[in-house]
>>> print(open('coords.cif').read())   # mmCIF, C-alpha atoms
data_work
loop_
_atom_site.group_PDB
_atom_site.id
_atom_site.type_symbol
_atom_site.label_atom_id
_atom_site.label_comp_id
_atom_site.auth_asym_id
_atom_site.auth_seq_id
_atom_site.Cartn_x
_atom_site.Cartn_y
_atom_site.Cartn_z
ATOM 1 C CA MET A 1 57.530 -92.729 318.819
ATOM 2 C CA ILE A 2 56.422 -89.218 318.867
ATOM 3 C CA LYS A 3 57.922 -87.130 316.193
ATOM 4 C CA GLN A 4 58.403 -83.537 317.054
ATOM 5 C CA ILE A 5 58.014 -81.202 314.231
ATOM 6 C CA ILE A 6 59.760 -78.012 315.002
ATOM 7 C CA PHE A 7 58.931 -74.980 312.981
ATOM 8 C CA CYS A 8 61.791 -72.664 312.936
ATOM 9 C CA SER A 9 60.690 -69.176 312.237
ATOM 10 C CA SER A 10 63.363 -67.016 310.871
ATOM 11 C CA VAL A 11 63.152 -63.490 311.958
ATOM 12 C CA PHE A 12 64.209 -60.988 309.403
ATOM 13 C CA LEU A 13 65.128 -57.573 310.651
ATOM 14 C CA VAL A 14 64.298 -55.020 308.085
ATOM 15 C CA PHE A 15 66.203 -51.843 308.346
ATOM 16 C CA ALA A 16 64.699 -48.902 306.633
ATOM 17 C CA PHE A 17 67.313 -46.648 305.253
ATOM 18 C CA THR A 18 65.828 -43.339 304.413
ATOM 19 C CA ALA A 19 67.514 -40.686 302.464
ATOM 20 C CA PRO A 20 67.567 -37.258 304.030
ATOM 21 C CA GLY A 21 64.074 -35.876 303.608
ATOM 22 C CA HIS A 22 62.513 -32.469 303.697
ATOM 23 C CA ALA A 23 60.007 -33.061 306.478
ATOM 24 C CA ASP A 24 61.627 -30.440 308.685
ATOM 25 C CA GLU A 25 61.515 -27.719 306.033
ATOM 26 C CA HIS A 26 59.482 -24.635 306.738
ATOM 27 C CA PHE A 27 58.176 -22.037 304.345
ATOM 28 C CA PRO A 28 58.670 -19.293 303.537
ATOM 29 C CA PHE A 29 62.385 -18.772 304.156
ATOM 30 C CA LEU A 30 65.081 -16.532 302.746
ATOM 31 C CA ALA A 31 67.698 -18.150 300.505
ATOM 32 C CA GLN A 32 70.790 -17.060 298.619
ATOM 33 C CA VAL A 33 72.023 -18.090 295.173
ATOM 34 C CA ILE A 34 75.326 -19.964 295.557
ATOM 35 C CA LYS A 35 76.373 -20.359 291.910
ATOM 36 C CA GLU A 36 76.864 -18.008 288.989
ATOM 37 C CA SER A 37 74.243 -17.407 286.278
ATOM 38 C CA VAL A 38 71.446 -19.501 287.755
ATOM 39 C CA ASN A 39 68.370 -19.959 285.575
ATOM 40 C CA VAL A 40 64.936 -19.258 286.996
ATOM 41 C CA ARG A 41 62.197 -21.253 285.274
ATOM 42 C CA ALA A 42 58.443 -21.139 284.874
ATOM 43 C CA GLY A 43 58.032 -24.627 286.378
ATOM 44 C CA PRO A 44 59.879 -27.345 288.329
ATOM 45 C CA ASN A 45 61.623 -28.889 285.348
ATOM 46 C CA THR A 46 64.346 -27.935 282.867
ATOM 47 C CA ASN A 47 61.769 -28.236 280.099
ATOM 48 C CA PHE A 48 60.048 -25.076 281.343
ATOM 49 C CA GLU A 49 60.963 -21.686 279.920
ATOM 50 C CA LYS A 50 63.755 -19.595 281.422
ATOM 51 C CA ILE A 51 62.157 -16.465 282.856
ATOM 52 C CA ASP A 52 65.078 -14.894 284.696
ATOM 53 C CA LYS A 53 68.770 -15.357 285.468
ATOM 54 C CA LEU A 54 70.298 -14.640 288.875
ATOM 55 C CA SER A 55 73.874 -13.939 289.897
ATOM 56 C CA LYS A 56 75.689 -15.480 292.836
ATOM 57 C CA GLY A 57 74.666 -13.792 296.078
ATOM 58 C CA ALA A 58 71.176 -12.792 294.950
ATOM 59 C CA GLN A 59 68.466 -13.434 297.528
ATOM 60 C CA VAL A 60 65.072 -15.027 296.957
ATOM 61 C CA VAL A 61 62.066 -15.880 299.091
ATOM 62 C CA VAL A 62 61.368 -19.625 298.971
ATOM 63 C CA LEU A 63 57.652 -20.427 299.133
ATOM 64 C CA GLY A 64 57.625 -24.218 298.776
ATOM 65 C CA ARG A 65 59.112 -27.281 297.137
ATOM 66 C CA SER A 66 58.358 -29.834 294.458
ATOM 67 C CA TYR A 67 60.854 -32.696 294.672
ATOM 68 C CA GLU A 68 64.275 -31.140 293.866
ATOM 69 C CA TRP A 69 62.903 -27.740 292.880
ATOM 70 C CA TYR A 70 62.196 -24.739 295.054
ATOM 71 C CA LYS A 71 59.151 -22.589 294.412
ATOM 72 C CA VAL A 72 60.283 -18.999 294.792
ATOM 73 C CA GLN A 73 58.717 -15.576 294.829
ATOM 74 C CA PRO A 74 59.318 -13.787 291.502
ATOM 75 C CA ARG A 75 61.734 -10.863 291.497
ATOM 76 C CA ALA A 76 61.354 -7.529 289.753
ATOM 77 C CA THR A 77 63.367 -8.839 286.785
ATOM 78 C CA THR A 78 61.216 -11.955 286.327
ATOM 79 C CA LYS A 79 59.229 -11.981 283.087
ATOM 80 C CA ALA A 80 55.492 -11.845 283.782
ATOM 81 C CA TYR A 81 52.708 -10.918 281.364
ATOM 82 C CA ILE A 82 48.944 -10.586 281.295
ATOM 83 C CA ARG A 83 46.585 -9.901 278.412
ATOM 84 C CA SER A 84 45.855 -6.187 278.517
ATOM 85 C CA ASP A 85 42.136 -6.722 278.051
ATOM 86 C CA TYR A 86 42.061 -8.411 281.453
ATOM 87 C CA LEU A 87 43.213 -5.180 283.114
ATOM 88 C CA LYS A 88 41.338 -2.108 284.214
ATOM 89 C CA VAL A 89 43.736 0.843 284.219
ATOM 90 C CA LYS A 90 43.132 4.524 284.731
ATOM 91 C CA GLU A 91 44.555 6.707 281.977
ATOM 92 C CA GLY A 92 48.077 7.838 282.771
ATOM 93 C CA GLU A 93 48.487 5.336 285.617
ATOM 94 C CA ASP A 94 50.897 2.392 285.815
ATOM 95 C CA VAL A 95 48.828 0.534 288.408
ATOM 96 C CA GLY A 96 45.894 -1.593 287.291
ATOM 97 C CA VAL A 97 43.396 -4.123 288.601
ATOM 98 C CA VAL A 98 42.770 -7.570 287.140
ATOM 99 C CA TRP A 99 39.337 -7.581 285.482
ATOM 100 C CA GLY A 100 38.560 -11.267 285.149
ATOM 101 C CA ASP A 101 38.294 -14.435 287.221
ATOM 102 C CA ASN A 102 41.294 -16.760 287.637
ATOM 103 C CA VAL A 103 43.434 -15.019 285.025
ATOM 104 C CA ASN A 104 46.802 -16.565 284.132
ATOM 105 C CA ILE A 105 49.997 -14.568 284.524
ATOM 106 C CA ARG A 106 52.288 -15.949 281.825
ATOM 107 C CA CYS A 107 56.050 -15.980 281.354
ATOM 108 C CA SER A 108 55.872 -14.352 277.899
ATOM 109 C CA ALA A 109 53.384 -12.385 275.805
ATOM 110 C CA ASN A 110 51.766 -15.518 274.424
ATOM 111 C CA SER A 111 48.650 -17.444 275.412
ATOM 112 C CA ASN A 112 50.585 -20.714 275.025
ATOM 113 C CA ALA A 113 53.379 -19.660 277.390
ATOM 114 C CA ALA A 114 53.676 -21.312 280.798
ATOM 115 C CA SER A 115 51.603 -19.840 283.604
ATOM 116 C CA LEU A 116 53.269 -18.450 286.730
ATOM 117 C CA GLY A 117 49.962 -18.680 288.547
ATOM 118 C CA GLU A 118 46.340 -17.601 288.424
ATOM 119 C CA VAL A 119 45.153 -14.380 290.034
ATOM 120 C CA LYS A 120 41.656 -13.434 291.123
ATOM 121 C CA LYS A 121 39.500 -10.578 289.997
ATOM 122 C CA GLY A 122 40.465 -7.396 291.828
ATOM 123 C CA THR A 123 44.164 -8.283 292.194
ATOM 124 C CA PRO A 124 46.292 -5.102 291.948
ATOM 125 C CA VAL A 125 49.259 -5.142 289.554
ATOM 126 C CA ARG A 126 51.963 -2.701 288.501
ATOM 127 C CA ILE A 127 52.497 -2.309 284.756
ATOM 128 C CA LEU A 128 56.061 -2.048 283.435
ATOM 129 C CA GLY A 129 55.233 -1.872 279.723
ATOM 130 C CA GLN A 130 52.961 -3.043 276.927
ATOM 131 C CA THR A 131 53.468 -5.008 273.730
ATOM 132 C CA ASN A 132 51.023 -6.462 271.172
ATOM 133 C CA GLY A 133 48.013 -6.529 273.466
ATOM 134 C CA TRP A 134 49.962 -7.772 276.489
ATOM 135 C CA SER A 135 51.173 -5.940 279.598
ATOM 136 C CA ARG A 136 54.428 -6.775 281.339
ATOM 137 C CA LEU A 137 53.997 -6.749 285.114
ATOM 138 C CA ALA A 138 56.060 -6.296 288.229
ATOM 139 C CA PRO A 139 55.900 -9.366 290.531
ATOM 140 C CA VAL A 140 52.325 -10.286 291.404
ATOM 141 C CA ALA A 141 51.214 -11.808 294.694
ATOM 142 C CA GLY A 142 50.114 -15.400 294.111
ATOM 143 C CA THR A 143 52.573 -16.142 291.290
ATOM 144 C CA ALA A 144 55.788 -18.154 291.533
ATOM 145 C CA ALA A 145 58.964 -19.175 289.736
ATOM 146 C CA TRP A 146 61.265 -22.172 290.204
ATOM 147 C CA ILE A 147 64.970 -22.768 290.981
ATOM 148 C CA HIS A 148 66.743 -26.107 291.426
ATOM 149 C CA GLN A 149 67.676 -26.845 295.033
ATOM 150 C CA ASP A 150 71.394 -27.226 294.174
ATOM 151 C CA PHE A 151 71.617 -23.505 293.450
ATOM 152 C CA LEU A 152 70.216 -22.189 296.741
ATOM 153 C CA LYS A 153 71.066 -22.243 300.418
ATOM 154 C CA GLU A 154 68.898 -21.028 303.282
ATOM 155 C CA ILE A 155 70.225 -17.942 305.062
ATOM 156 C CA SER A 156 67.289 -17.019 307.301
ATOM 157 C CA ALA A 157 64.177 -18.723 308.613
ATOM 158 C CA ASP A 158 62.533 -15.333 308.975
ATOM 159 C CA VAL A 159 61.473 -13.340 305.924
ATOM 160 C CA PRO A 160 61.094 -9.585 306.525
ATOM 161 C CA ASP A 161 57.734 -8.209 305.454
ATOM 162 C CA SER A 162 59.646 -5.752 303.284
ATOM 163 C CA LEU A 163 60.716 -8.645 301.008
ATOM 164 C CA LEU A 164 57.221 -10.044 300.445
ATOM 165 C CA ILE A 165 55.137 -8.939 297.472
ATOM 166 C CA PRO A 166 52.474 -6.568 298.804
ATOM 167 C CA THR A 167 48.865 -7.449 298.071
ATOM 168 C CA VAL A 168 47.792 -3.812 298.256
ATOM 169 C CA MET A 169 49.583 -1.110 296.306
ATOM 170 C CA GLY A 170 50.219 2.496 297.079
ATOM 171 C CA PRO A 171 50.738 5.394 294.638
ATOM 172 C CA SER A 172 52.246 4.750 291.228
ATOM 173 C CA MET A 173 55.969 4.651 290.561
ATOM 174 C CA PRO A 174 58.164 6.367 289.702
ATOM 175 C CA VAL A 175 57.712 8.984 292.377
ATOM 176 C CA THR A 176 57.966 12.379 290.743
ATOM 177 C CA GLU A 177 57.146 14.726 293.596
ATOM 178 C CA LYS A 178 60.138 16.474 295.105
ATOM 179 C CA PRO A 179 60.252 16.916 298.876
ATOM 180 C CA ALA A 180 58.556 20.023 300.178
ATOM 181 C CA ALA A 181 61.866 21.363 301.423
ATOM 182 C CA VAL A 182 65.185 20.287 299.933
ATOM 183 C CA PRO A 183 67.638 19.659 302.776
ATOM 184 C CA PRO A 184 70.463 22.218 302.921
ATOM 185 C CA VAL A 185 73.920 21.017 301.900
ATOM 186 C CA SER A 186 77.368 22.474 301.580
ATOM 187 C CA VAL A 187 77.735 25.515 299.343
ATOM 188 C CA GLY A 188 78.406 24.547 295.727
ATOM 189 C CA VAL A 189 77.136 20.989 296.136
ATOM 190 C CA SER A 190 73.781 20.003 294.617
ATOM 191 C CA PRO A 191 71.397 18.175 296.973
ATOM 192 C CA TRP A 192 70.192 16.049 294.060
ATOM 193 C CA VAL A 193 72.161 12.953 293.087
ATOM 194 C CA THR A 194 71.660 10.236 290.469
ATOM 195 C CA MET A 195 73.041 6.733 290.731
ATOM 196 C CA GLN A 196 72.668 3.137 289.565
ATOM 197 C CA GLY A 197 72.914 0.258 291.986
ATOM 198 C CA THR A 198 71.205 -2.679 293.670
ATOM 199 C CA VAL A 199 68.436 -2.151 296.216
ATOM 200 C CA GLU A 200 68.766 -4.412 299.253
ATOM 201 C CA ALA A 201 66.630 -4.876 302.367
ATOM 202 C CA LEU A 202 68.239 -4.197 305.732
ATOM 203 C CA VAL A 203 68.226 -6.952 308.331
ATOM 204 C CA GLN A 204 68.383 -4.321 311.064
ATOM 205 C CA SER A 205 66.909 -0.895 310.356
ATOM 206 C CA PRO A 206 68.795 2.138 311.700
ATOM 207 C CA ARG A 207 65.499 4.028 312.195
ATOM 208 C CA ALA A 208 61.754 3.617 311.702
ATOM 209 C CA ASP A 209 61.590 5.069 308.176
ATOM 210 C CA VAL A 210 64.652 3.274 306.766
ATOM 211 C CA HIS A 211 64.446 -0.389 305.694
ATOM 212 C CA TYR A 212 66.456 -0.390 302.443
ATOM 213 C CA GLU A 213 69.829 0.582 301.041
ATOM 214 C CA ILE A 214 71.306 0.942 297.568
ATOM 215 C CA VAL A 215 74.725 -0.556 296.847
ATOM 216 C CA LEU A 216 76.612 0.991 293.942
ATOM 217 C CA GLY A 217 79.103 -0.665 291.630
ATOM 218 C CA ASP A 218 82.025 0.701 293.622
ATOM 219 C CA LYS A 219 80.429 -0.760 296.800
ATOM 220 C CA SER A 220 79.353 2.668 298.054
ATOM 221 C CA VAL A 221 76.183 2.453 300.149
ATOM 222 C CA PHE A 222 73.299 4.868 300.712
ATOM 223 C CA PHE A 223 70.331 4.327 303.011
ATOM 224 C CA LEU A 224 66.905 4.907 301.407
ATOM 225 C CA GLN A 225 63.933 6.510 303.077
ATOM 226 C CA ASP A 226 60.844 4.303 302.835
ATOM 227 C CA ILE A 227 58.410 5.035 300.009
ATOM 228 C CA PRO A 228 55.394 3.030 298.757
ATOM 229 C CA LYS A 229 56.278 -0.033 296.668
ATOM 230 C CA VAL A 230 60.046 0.188 297.105
ATOM 231 C CA ALA A 231 59.841 -3.542 297.954
ATOM 232 C CA PHE A 232 59.220 -4.225 294.251
ATOM 233 C CA PHE A 233 62.783 -3.130 293.497
ATOM 234 C CA CYS A 234 64.499 -5.186 296.203
ATOM 235 C CA ASN A 235 67.518 -7.201 294.966
ATOM 236 C CA THR A 236 67.363 -5.592 291.525
ATOM 237 C CA VAL A 237 69.419 -2.963 289.712
ATOM 238 C CA VAL A 238 67.763 0.440 289.512
ATOM 239 C CA ASP A 239 68.381 3.968 288.323
ATOM 240 C CA LEU A 240 67.685 6.333 291.187
ATOM 241 C CA GLU A 241 67.449 10.075 291.706
ATOM 242 C CA GLY A 242 67.255 11.451 295.198
ATOM 243 C CA ALA A 243 68.015 14.219 297.654
ATOM 244 C CA ILE A 244 70.558 13.812 300.423
ATOM 245 C CA VAL A 245 68.945 14.133 303.834
ATOM 246 C CA PRO A 246 71.205 15.907 306.355
ATOM 247 C CA ASP A 247 72.428 13.979 309.381
ATOM 248 C CA PRO A 248 74.146 16.668 311.485
ATOM 249 C CA GLN A 249 74.576 14.418 314.504
ATOM 250 C CA LYS A 250 76.188 11.664 312.393
ATOM 251 C CA LYS A 251 73.870 8.966 313.739
ATOM 252 C CA LEU A 252 73.723 7.002 310.490
ATOM 253 C CA MET A 253 76.521 4.854 309.105
ATOM 254 C CA TYR A 254 75.747 5.877 305.484
ATOM 255 C CA PRO A 255 74.203 8.942 303.806
ATOM 256 C CA LEU A 256 70.411 8.931 303.657
ATOM 257 C CA LEU A 257 68.479 9.616 300.443
ATOM 258 C CA HIS A 258 64.950 10.877 299.944
ATOM 259 C CA ILE A 259 63.885 9.121 296.713
ATOM 260 C CA ASN A 260 62.575 11.377 293.991
ATOM 261 C CA LYS A 261 62.526 8.878 291.112
ATOM 262 C CA ILE A 262 63.330 5.180 290.838
ATOM 263 C CA SER A 263 63.113 2.891 287.815
ATOM 264 C CA LEU A 264 64.078 -0.696 287.049
ATOM 265 C CA VAL A 265 67.103 -1.332 284.813
ATOM 266 C CA LEU A 266 65.921 -4.038 282.396
#
>>> encode(input="coords.cif", output="structure tokens")
Amino acid sequence: MIKQIIFCSSVFLVFAFTAPGHADEHFPFLAQVIKESVNVRAGPNTNFEKIDKLSKGAQVVVLGRSYEWYKVQPRATTKAYIRSDYLKVKEGEDVGVVWGDNVNIRCSANSNAASLGEVKKGTPVRILGQTNGWSRLAPVAGTAAWIHQDFLKEISADVPDSLLIPTVMGPSMPVTEKPAAVPPVSVGVSPWVTMQGTVEALVQSPRADVHYEIVLGDKSVFFLQDIPKVAFFCNTVVDLEGAIVPDPQKKLMYPLLHINKISLVL
């Protein structure tokens, strides 16, 4: 009798359940802070130093990701330091050039502090102040900070050039030259105004030389004429002095200011 040996092969269907990934993410993109008092850190972990704190509604440029942390472009309020002996600065200027190869920009005036990134020789930087052999800097191209993904939401896939840190700098800030001709205004009203508010980039510019506005505490808004390096102050609180530019045909929604002086409120 012939015995039939039947091999029964069991077929196992393996279903791969994948958690939502990030394969479709694109960088850079513009994001908004969705919670109050969000910490910005020097690295993608809560063990890294806090280098800034952002309020709900603040906007950041997201450059990349590491697991659950977004790599973001530093803002004007972000702490960033470099050893002063690595800088070449002309006397009386607040703009310098990095004088060393692969120099670390650190989150505090300490050689043991976390690095926000390395910059190459010849990188231009703007100096905000000096302390104990260290210089505090405005945001530097090539450096980054970190925010947990739970605190951000994407609001635009396109990042205006005005929001990106420039790699080439123009004249030093603050601007101290007054316009050649102060625009005429009503009798008894000074053309010069001072204010404190938040500089914001415009999604749609009302004219070629206007890409920013300042929003005051009472929600009043003024358009700002473009000047070199105004992008450094975007999404930060500033003290500003300016001259009102006349708009006799009432083409602009808000008054327009020619900036005379602008400085960061630390």
>>> resolve_selection(input="coords.cif", expression="the PyMOL selection byres ((chain A and resi 237-244) around 8)", output="VMD selection string")
chain A and resid 182 to 183 191 to 199 233 235 to 236 245 to 246 255 to 265
>>> atom_distance(input="coords.cif", atom1="atom CA of Gln59 of chain A", atom2="atom CA of Ser205 of chain A")
18.0 Å
>>> atom_distance(input="coords.cif", atom1="atom CA of Val119 of chain A", atom2="atom CA of Trp99 of chain A")
10.0 Å
>>> residues_near_point(input="coords.cif", point="(61.7, -4.4, 298.3)", cutoff="12 Å", atoms="only C-alpha atoms", output="NGL selection string")
:A and (59-61 or 74-76 or 138-139 or 159-166 or 198-202 or 210-214 or 224 or 226-238)
>>> closest_residue(input="coords.cif", among="A:Leu63, A:Val72, A:Leu30, A:Met253", to="His148 of chain A", atoms="only C-alpha atoms")
A:Val72
>>> closest_residue(input="coords.cif", among="A:Ala208, A:Leu128, A:Ile147, A:Val97", to="Gly64 of chain A", atoms="only C-alpha atoms")
A:Ile147
>>> atom_distance(input="coords.cif", atom1="atom CA of Val140 of chain A", atom2="atom CA of Thr77 of chain A")
12.1 Å
>>> closest_residue(input="coords.cif", among="A:Ser115, A:Ser37, A:Asn110, A:Thr46", to="Trp69 of chain A", atoms="all atoms listed in the file")
A:Thr46
>>> closest_residue(input="coords.cif", among="A:Pro248, A:Ala113, A:Ser108, A:Ile155", to="Ala31 of chain A", atoms="only C-alpha atoms")
A:Ile155
>>> resolve_selection(input="coords.cif", expression="the PyMOL selection byres ((chain A and resi 43) around 8)", output="list of chain:residue names")
A:Arg41, A:Ala42, A:Pro44, A:Asn45, A:Thr46, A:Phe48, A:Glu49, A:Ala114, A:Leu116, A:Ala145, A:Trp146
>>> write_last_selection(input="coords.cif", atoms="C-alpha atoms", output="compact mmCIF listing (two decimals), keeping the file's coordinate frame")
# COMPACT_ATOMS: atom_id res chain seq x y z
CA ARG A 41 62.20 -21.25 285.27
CA ALA A 42 58.44 -21.14 284.87
CA PRO A 44 59.88 -27.34 288.33
CA ASN A 45 61.62 -28.89 285.35
CA THR A 46 64.35 -27.94 282.87
CA PHE A 48 60.05 -25.08 281.34
CA GLU A 49 60.96 -21.69 279.92
CA ALA A 114 53.68 -21.31 280.80
CA LEU A 116 53.27 -18.45 286.73
CA ALA A 145 58.96 -19.18 289.74
CA TRP A 146 61.26 -22.17 290.20
>>> axis_aligned_box(input="coords.cif", around="segment 123-128 of chain A", padding_each_side="4 Å", output="JSON")
{"center_x": 50.1, "center_y": -5.2, "center_z": 287.8, "size_x": 19.9, "size_y": 14.2, "size_z": 16.8}
>>> closest_residue(input="coords.cif", among="A:Glu91, A:Trp134, A:Val203, A:Ala141", to="Asp158 of chain A", atoms="only C-alpha atoms")
A:Val203
>>> residues_around(input="coords.cif", residues="Asn102 of chain A", least_positions_apart="4", cutoff="10 Å", atoms="all atoms listed in the file", output="list of chain:residue names")
A:Val98, A:Gly117, A:Glu118, A:Val119, A:Lys120, A:Lys121
>>> residues_near_point(input="coords.cif", point="(58.5, -24.8, 306.9)", cutoff="12 Å", atoms="all atoms listed in the file", output="VMD selection string")
chain A and resid 22 to 30 62 to 65 154 156 to 159
>>> decode(input="coords.cif", residues="segment 22-43 of chain A", atoms="N, CA and C atoms", output="tab-separated table (two decimals), in the first residue's frame")
chain	number	residue	atom	x	y	z
A	22	HIS	N	7.28	59.96	8.52
A	22	HIS	CA	7.57	61.33	8.14
A	22	HIS	C	8.19	61.37	6.75
A	23	ALA	N	7.94	60.29	5.98
A	23	ALA	CA	8.58	60.19	4.67
A	23	ALA	C	8.15	61.31	3.73
A	24	ASP	N	6.94	61.83	3.93
A	24	ASP	CA	6.43	62.84	3.02
A	24	ASP	C	6.77	64.26	3.47
A	25	GLU	N	7.54	64.38	4.55
A	25	GLU	CA	7.91	65.71	5.03
A	25	GLU	C	8.91	66.36	4.08
A	26	HIS	N	8.85	67.65	4.01
A	26	HIS	CA	9.73	68.42	3.16
A	26	HIS	C	10.32	69.55	4.00
A	27	PHE	N	11.51	69.93	3.69
A	27	PHE	CA	12.17	70.99	4.45
A	27	PHE	C	12.84	71.95	3.47
A	28	PRO	N	12.89	73.24	3.82
A	28	PRO	CA	12.32	73.83	5.04
A	28	PRO	C	10.82	74.09	4.88
A	29	PHE	N	10.14	74.33	6.00
A	29	PHE	CA	8.77	74.81	5.96
A	29	PHE	C	8.54	75.76	7.12
A	30	LEU	N	7.47	76.50	7.04
A	30	LEU	CA	7.15	77.49	8.06
A	30	LEU	C	6.16	76.88	9.05
A	31	ALA	N	6.45	77.00	10.35
A	31	ALA	CA	5.60	76.42	11.37
A	31	ALA	C	5.24	77.47	12.41
A	32	GLN	N	4.20	77.15	13.17
A	32	GLN	CA	3.73	78.06	14.22
A	32	GLN	C	3.68	77.34	15.55
A	33	VAL	N	4.05	78.03	16.62
A	33	VAL	CA	3.99	77.47	17.96
A	33	VAL	C	2.53	77.40	18.39
A	34	ILE	N	2.10	76.24	18.91
A	34	ILE	CA	0.68	76.04	19.22
A	34	ILE	C	0.41	75.94	20.72
A	35	LYS	N	1.46	76.09	21.54
A	35	LYS	CA	1.26	76.07	22.99
A	35	LYS	C	2.02	77.23	23.62
A	36	GLU	N	1.65	77.55	24.85
A	36	GLU	CA	2.28	78.67	25.53
A	36	GLU	C	3.65	78.28	26.12
A	37	SER	N	4.55	79.25	26.16
A	37	SER	CA	5.85	79.11	26.81
A	37	SER	C	6.58	77.83	26.40
A	38	VAL	N	6.87	77.73	25.14
A	38	VAL	CA	7.55	76.55	24.59
A	38	VAL	C	9.06	76.74	24.65
A	39	ASN	N	9.74	75.77	25.22
A	39	ASN	CA	11.20	75.84	25.33
A	39	ASN	C	11.88	75.47	24.02
A	40	VAL	N	12.88	76.25	23.68
A	40	VAL	CA	13.75	75.95	22.54
A	40	VAL	C	15.07	75.46	23.13
A	41	ARG	N	15.59	74.34	22.61
A	41	ARG	CA	16.76	73.73	23.21
A	41	ARG	C	17.92	73.66	22.23
A	42	ALA	N	19.09	73.41	22.80
A	42	ALA	CA	20.32	73.36	22.00
A	42	ALA	C	20.48	72.03	21.26
A	43	GLY	N	19.65	71.04	21.56
A	43	GLY	CA	19.72	69.75	20.91
A	43	GLY	C	18.39	69.02	21.01
